[in-house]
Amino acid sequence: MKTRVYVDGYNLYYGCLKNTPYKWLDLVKLFEAQLLPQSAPQALLPTEVSVKYFTADIKEQAAFDDTSLADQNAYHRALEASYPNEKLEIVKGYFSIADEYAFEIDPEVPDKYPKDCRKIQVWKLEEKQTDVNIAIHALYDVLSDQTLEQIVFVTNDTDLAPVLKMIAEIKRVKIGLIVPIKEKNLRRASTMLTDNAHWVRTAIDQEALKSSSLPRVISSSVRQTKLRKTIIKPNSWFGETRTLEQILDTLGEVLKSPSEKWQWLEAPKPEVKGLPVLKSLPCELLDDENTALDVLVHAKCYADYIKKKSK
């Protein structure tokens with residue numbers, strides 16, 4: 001079953017990834033090894049999977065912090081470096097920023113109709129072309145690629161309902177729908193989308209995301225032609241960023257280069273009396289508060305040991 005997955009990056013980010021340590025996500029691995037085998041009916045299990053990822057570059061004027069643009073760029077380059085274009089393609093729209101007037105909700109009478117509220121000037125930030133690009137690519141692929149047997153939409157955007165309905169009426173391919181919502185999220189899958197799908201997965205669980213991370217470092221040996229330099233996962237994309245900074249500062253007292261610090265973090269640590277037992281590599285324990293603090297204890301002990309040894 002040749003399958004192509006169409007990922008609404010905006011929906012995926014705000015539905016599953018924002019404020020999580022899973023943003024450094026291997027999209028191909030997520031669908032090929034996790035979600036599709038778990039979700040598709042036995043008769044529709046894919047034998048060949050490709051992914052189209054629809055996104056847009058962040059605008060500097062609206063970025064949350066100074067590194068947002070560089071971090072997103074690193075992620076896009078990491079994906080491109082990891083897979084050939086026929087396996088994973090990034091399709092970009094764009095962000096629009098405009099100053100507009102909007103009706104202000106009256107805090108004292110929140111049910112007051114917009115026409116009875118005052119207008120205020122606001123900044124409006126919109127991602128443009130994503131839903132249009134998904135619709136055009138999906139419809140074009142179905143009509144032009146006769147070997148394509150199944151398409152899977154990863155979205156909860158009802159603007160895509162017409163294209164699902166149209167493709168369903170063509171009756172040439174099967175349609176899957178994966179709704180990018182956390183398991184405990186109260187938002188529900190849109191029936192406008194589910195009514196035209198052959199099968200539906202209504203949430204993406206944390207374990208699937210956790211099991212589908214890109215390598216922290218993607219070296220020039222991986223798809224060298226697409227790589228300008230080594231790509232590294234941003235430190236701010238780990239779950240416990242502040243503790244990681246403390247760990248790196250502590251290791252910096254005895255290890256000078258960033259590579260040496262990460263070599264320490266990527267090496268197993270023996271059990272030492274009086275220290276917390278690290279059940280995994282230190283670099284794999286940086287997304288949880290308690291385990292990250294355990295790594296910090298080991299780092300402090302290591303730094304103290306090296307300092308005493310050098311005296």
# chains A, B, ... in the order shown; residues from 1 in each chain; ligands from 1

$ select_by_dssp --residues "region 44-149 of chain A" --states "strand (DSSP E)" --output "ChimeraX atom specification"
/A:48-55,88-92,94-103,119-128

$ write_last_selection --atoms "N, CA and C atoms" --output "compact mmCIF listing (two decimals), in the first residue's frame"
# COMPACT_ATOMS: atom_id res chain seq x y z
N GLU A 48 5.12 1.40 1.62
CA GLU A 48 6.01 2.47 1.16
C GLU A 48 5.41 3.80 1.62
N VAL A 49 6.19 4.58 2.37
CA VAL A 49 5.67 5.82 2.97
C VAL A 49 6.53 7.01 2.54
N SER A 50 5.88 8.10 2.16
CA SER A 50 6.56 9.37 1.93
C SER A 50 5.76 10.45 2.65
N VAL A 51 6.43 11.55 2.98
CA VAL A 51 5.82 12.61 3.79
C VAL A 51 6.00 13.95 3.09
N LYS A 52 4.92 14.74 3.08
CA LYS A 52 5.00 16.14 2.67
C LYS A 52 4.64 16.99 3.88
N TYR A 53 5.57 17.87 4.24
CA TYR A 53 5.45 18.68 5.46
C TYR A 53 5.20 20.13 5.06
N PHE A 54 4.04 20.66 5.44
CA PHE A 54 3.62 21.99 5.05
C PHE A 54 3.81 22.95 6.23
N THR A 55 4.63 23.98 6.01
CA THR A 55 4.98 24.88 7.11
C THR A 55 5.27 26.26 6.55
N LEU A 88 10.81 12.78 1.88
CA LEU A 88 10.27 13.85 2.69
C LEU A 88 10.47 15.18 1.96
N GLU A 89 9.38 15.87 1.73
CA GLU A 89 9.43 17.16 1.05
C GLU A 89 8.84 18.24 1.96
N ILE A 90 9.53 19.36 2.09
CA ILE A 90 9.02 20.50 2.85
C ILE A 90 8.42 21.50 1.87
N VAL A 91 7.15 21.83 2.09
CA VAL A 91 6.44 22.79 1.24
C VAL A 91 6.11 24.00 2.10
N LYS A 92 6.62 25.17 1.71
CA LYS A 92 6.48 26.35 2.56
C LYS A 92 5.46 27.35 2.03
N TYR A 94 3.82 31.12 3.87
CA TYR A 94 4.48 32.27 4.47
C TYR A 94 3.60 32.86 5.57
N PHE A 95 4.22 33.66 6.43
CA PHE A 95 3.49 34.35 7.49
C PHE A 95 3.20 35.78 7.06
N SER A 96 2.01 36.22 7.36
CA SER A 96 1.60 37.59 7.08
C SER A 96 1.39 38.32 8.40
N ILE A 97 1.96 39.53 8.50
CA ILE A 97 1.76 40.38 9.68
C ILE A 97 1.13 41.68 9.21
N ALA A 98 -0.02 42.01 9.79
CA ALA A 98 -0.70 43.24 9.39
C ALA A 98 -1.35 43.88 10.60
N ASP A 99 -1.38 45.22 10.61
CA ASP A 99 -2.11 45.90 11.67
C ASP A 99 -3.55 46.12 11.19
N GLU A 100 -4.48 45.61 11.96
CA GLU A 100 -5.89 45.66 11.59
C GLU A 100 -6.73 46.10 12.78
N TYR A 101 -7.96 46.42 12.49
CA TYR A 101 -8.92 46.74 13.55
C TYR A 101 -9.78 45.51 13.83
N ALA A 102 -10.04 45.26 15.11
CA ALA A 102 -10.86 44.13 15.51
C ALA A 102 -11.76 44.56 16.67
N PHE A 103 -12.86 43.84 16.84
CA PHE A 103 -13.77 44.13 17.94
C PHE A 103 -13.20 43.58 19.24
N LYS A 119 -13.99 49.00 18.59
CA LYS A 119 -12.92 48.48 17.74
C LYS A 119 -11.58 48.99 18.26
N ILE A 120 -10.60 48.06 18.24
CA ILE A 120 -9.24 48.45 18.63
C ILE A 120 -8.27 47.99 17.54
N GLN A 121 -7.11 48.60 17.51
CA GLN A 121 -6.11 48.24 16.53
C GLN A 121 -5.25 47.11 17.09
N VAL A 122 -5.05 46.04 16.29
CA VAL A 122 -4.31 44.87 16.75
C VAL A 122 -3.34 44.43 15.65
N TRP A 123 -2.34 43.65 16.06
CA TRP A 123 -1.47 42.98 15.10
C TRP A 123 -2.09 41.63 14.77
N LYS A 124 -2.23 41.32 13.51
CA LYS A 124 -2.79 40.04 13.09
C LYS A 124 -1.70 39.24 12.38
N LEU A 125 -1.37 38.09 12.97
CA LEU A 125 -0.35 37.20 12.42
C LEU A 125 -1.04 35.96 11.86
N GLU A 126 -0.85 35.69 10.57
CA GLU A 126 -1.51 34.55 9.94
C GLU A 126 -0.52 33.75 9.11
N GLU A 127 -0.67 32.42 9.17
CA GLU A 127 0.09 31.56 8.27
C GLU A 127 -0.72 31.43 6.99
N LYS A 128 -0.10 31.74 5.88
CA LYS A 128 -0.79 31.77 4.61
C LYS A 128 -0.38 30.59 3.72

$ residues_around --residues "Ala78 (chain A)" --least-positions-apart "3" --cutoff "10 Å" --atoms "only C-alpha atoms" --output "PyMOL selection string"
chain A and resi 24-26+72-75+81-83+214-219+222+226-227+230-233

$ write_last_selection --atoms "N, CA and C atoms" --output "compact mmCIF listing (two decimals), in the first residue's frame"
# COMPACT_ATOMS: atom_id res chain seq x y z
N TRP A 24 12.08 18.39 18.02
CA TRP A 24 13.14 17.88 17.12
C TRP A 24 12.67 16.53 16.57
N LEU A 25 11.60 16.58 15.79
CA LEU A 25 10.81 15.39 15.47
C LEU A 25 11.18 14.83 14.10
N ASP A 26 11.44 13.54 14.06
CA ASP A 26 11.67 12.82 12.81
C ASP A 26 10.31 12.44 12.24
N GLN A 72 14.33 27.08 14.05
CA GLN A 72 13.44 26.51 13.05
C GLN A 72 14.20 26.15 11.77
N ASN A 73 15.12 27.04 11.38
CA ASN A 73 15.92 26.77 10.19
C ASN A 73 16.78 25.53 10.37
N ALA A 74 17.33 25.36 11.57
CA ALA A 74 18.15 24.16 11.85
C ALA A 74 17.29 22.91 11.73
N TYR A 75 16.07 22.98 12.23
CA TYR A 75 15.18 21.81 12.15
C TYR A 75 14.83 21.47 10.70
N ALA A 81 18.35 17.11 5.38
CA ALA A 81 19.62 16.38 5.35
C ALA A 81 19.42 14.90 5.64
N SER A 82 18.35 14.56 6.31
CA SER A 82 18.14 13.18 6.75
C SER A 82 17.44 12.31 5.71
N TYR A 83 16.70 12.95 4.80
CA TYR A 83 15.91 12.17 3.84
C TYR A 83 15.98 12.77 2.44
N LEU A 214 14.87 13.01 15.98
CA LEU A 214 16.05 13.03 15.13
C LEU A 214 17.30 12.91 16.01
N PRO A 215 18.43 12.46 15.46
CA PRO A 215 19.68 12.48 16.24
C PRO A 215 20.01 13.92 16.66
N ARG A 216 20.63 14.08 17.82
CA ARG A 216 20.97 15.42 18.29
C ARG A 216 21.90 16.13 17.31
N VAL A 217 22.84 15.38 16.74
CA VAL A 217 23.77 15.94 15.78
C VAL A 217 23.63 15.20 14.46
N ILE A 218 23.48 15.96 13.40
CA ILE A 218 23.45 15.37 12.06
C ILE A 218 24.70 15.85 11.36
N SER A 219 25.61 14.91 11.11
CA SER A 219 26.93 15.27 10.60
C SER A 219 26.93 15.34 9.08
N VAL A 222 25.83 12.55 6.56
CA VAL A 222 24.43 12.27 6.24
C VAL A 222 23.99 13.21 5.13
N LYS A 226 23.27 18.07 0.74
CA LYS A 226 22.29 19.04 1.23
C LYS A 226 22.78 19.76 2.48
N LEU A 227 23.98 19.48 2.92
CA LEU A 227 24.42 19.96 4.22
C LEU A 227 25.54 20.98 4.08
N THR A 230 27.52 20.97 10.04
CA THR A 230 26.88 20.09 11.01
C THR A 230 25.65 20.77 11.62
N ILE A 231 24.57 20.01 11.76
CA ILE A 231 23.33 20.54 12.31
C ILE A 231 23.16 19.98 13.72
N ILE A 232 22.88 20.85 14.67
CA ILE A 232 22.78 20.44 16.08
C ILE A 232 21.43 20.86 16.64
N LYS A 233 20.82 19.97 17.38
CA LYS A 233 19.55 20.27 18.05
C LYS A 233 19.74 21.45 19.00

$ residues_around --residues "Ala40 (chain A)" --least-positions-apart "5" --cutoff "9 Å" --atoms "only C-alpha atoms" --output "list in words"
Leu35, Leu45, Pro46, Gly176, Trp199, Val200 and Arg201 of chain A

$ write_last_selection --atoms "C-alpha atoms" --output "PDB file, in the first residue's frame"
ATOM      1  CA  LEU A  35       1.422   6.075  13.850  1.00  0.00           C
ATOM      2  CA  LEU A  45      -0.958  -1.021   6.233  1.00  0.00           C
ATOM      3  CA  PRO A  46       1.615   0.914   4.192  1.00  0.00           C
ATOM      4  CA  GLY A 176      -6.596   8.220   6.455  1.00  0.00           C
ATOM      5  CA  TRP A 199      -9.916   5.389   9.009  1.00  0.00           C
ATOM      6  CA  VAL A 200      -9.178   7.938  11.752  1.00  0.00           C
ATOM      7  CA  ARG A 201      -6.714   8.324  14.613  1.00  0.00           C
TER       8      ARG A 201
END

$ atom_distance --atom1 "CA of Glu80 (chain A)" --atom2 "CA of Pro234 (chain A)"
16.6 Å

$ closest_residue --among "A:Leu12, A:Ala292, A:Ile204, A:Leu248" --to "Gln38 (chain A)" --atoms "only C-alpha atoms"
A:Ile204

$ select_by_dssp --residues "region 161-199 of chain A" --states "alpha helix (DSSP H)" --output "list in words"
Ala161, Pro162, Val163, Leu164, Lys165, Met166, Ile167, Ala168, Glu169, Ile170, Thr191, Met192, Leu193 and Thr194 of chain A

$ residues_around --residues "Glu207 (chain A)" --least-positions-apart "2" --cutoff "12 Å" --atoms "only C-alpha atoms" --output "list of chain:residue names"
A:Cys16, A:Pro21, A:Tyr22, A:Leu30, A:Gln34, A:Leu35, A:Lys182, A:Glu183, A:Ala203, A:Ile204, A:Asp205, A:Leu209, A:Lys210, A:Ser211, A:Ser212, A:Ser213
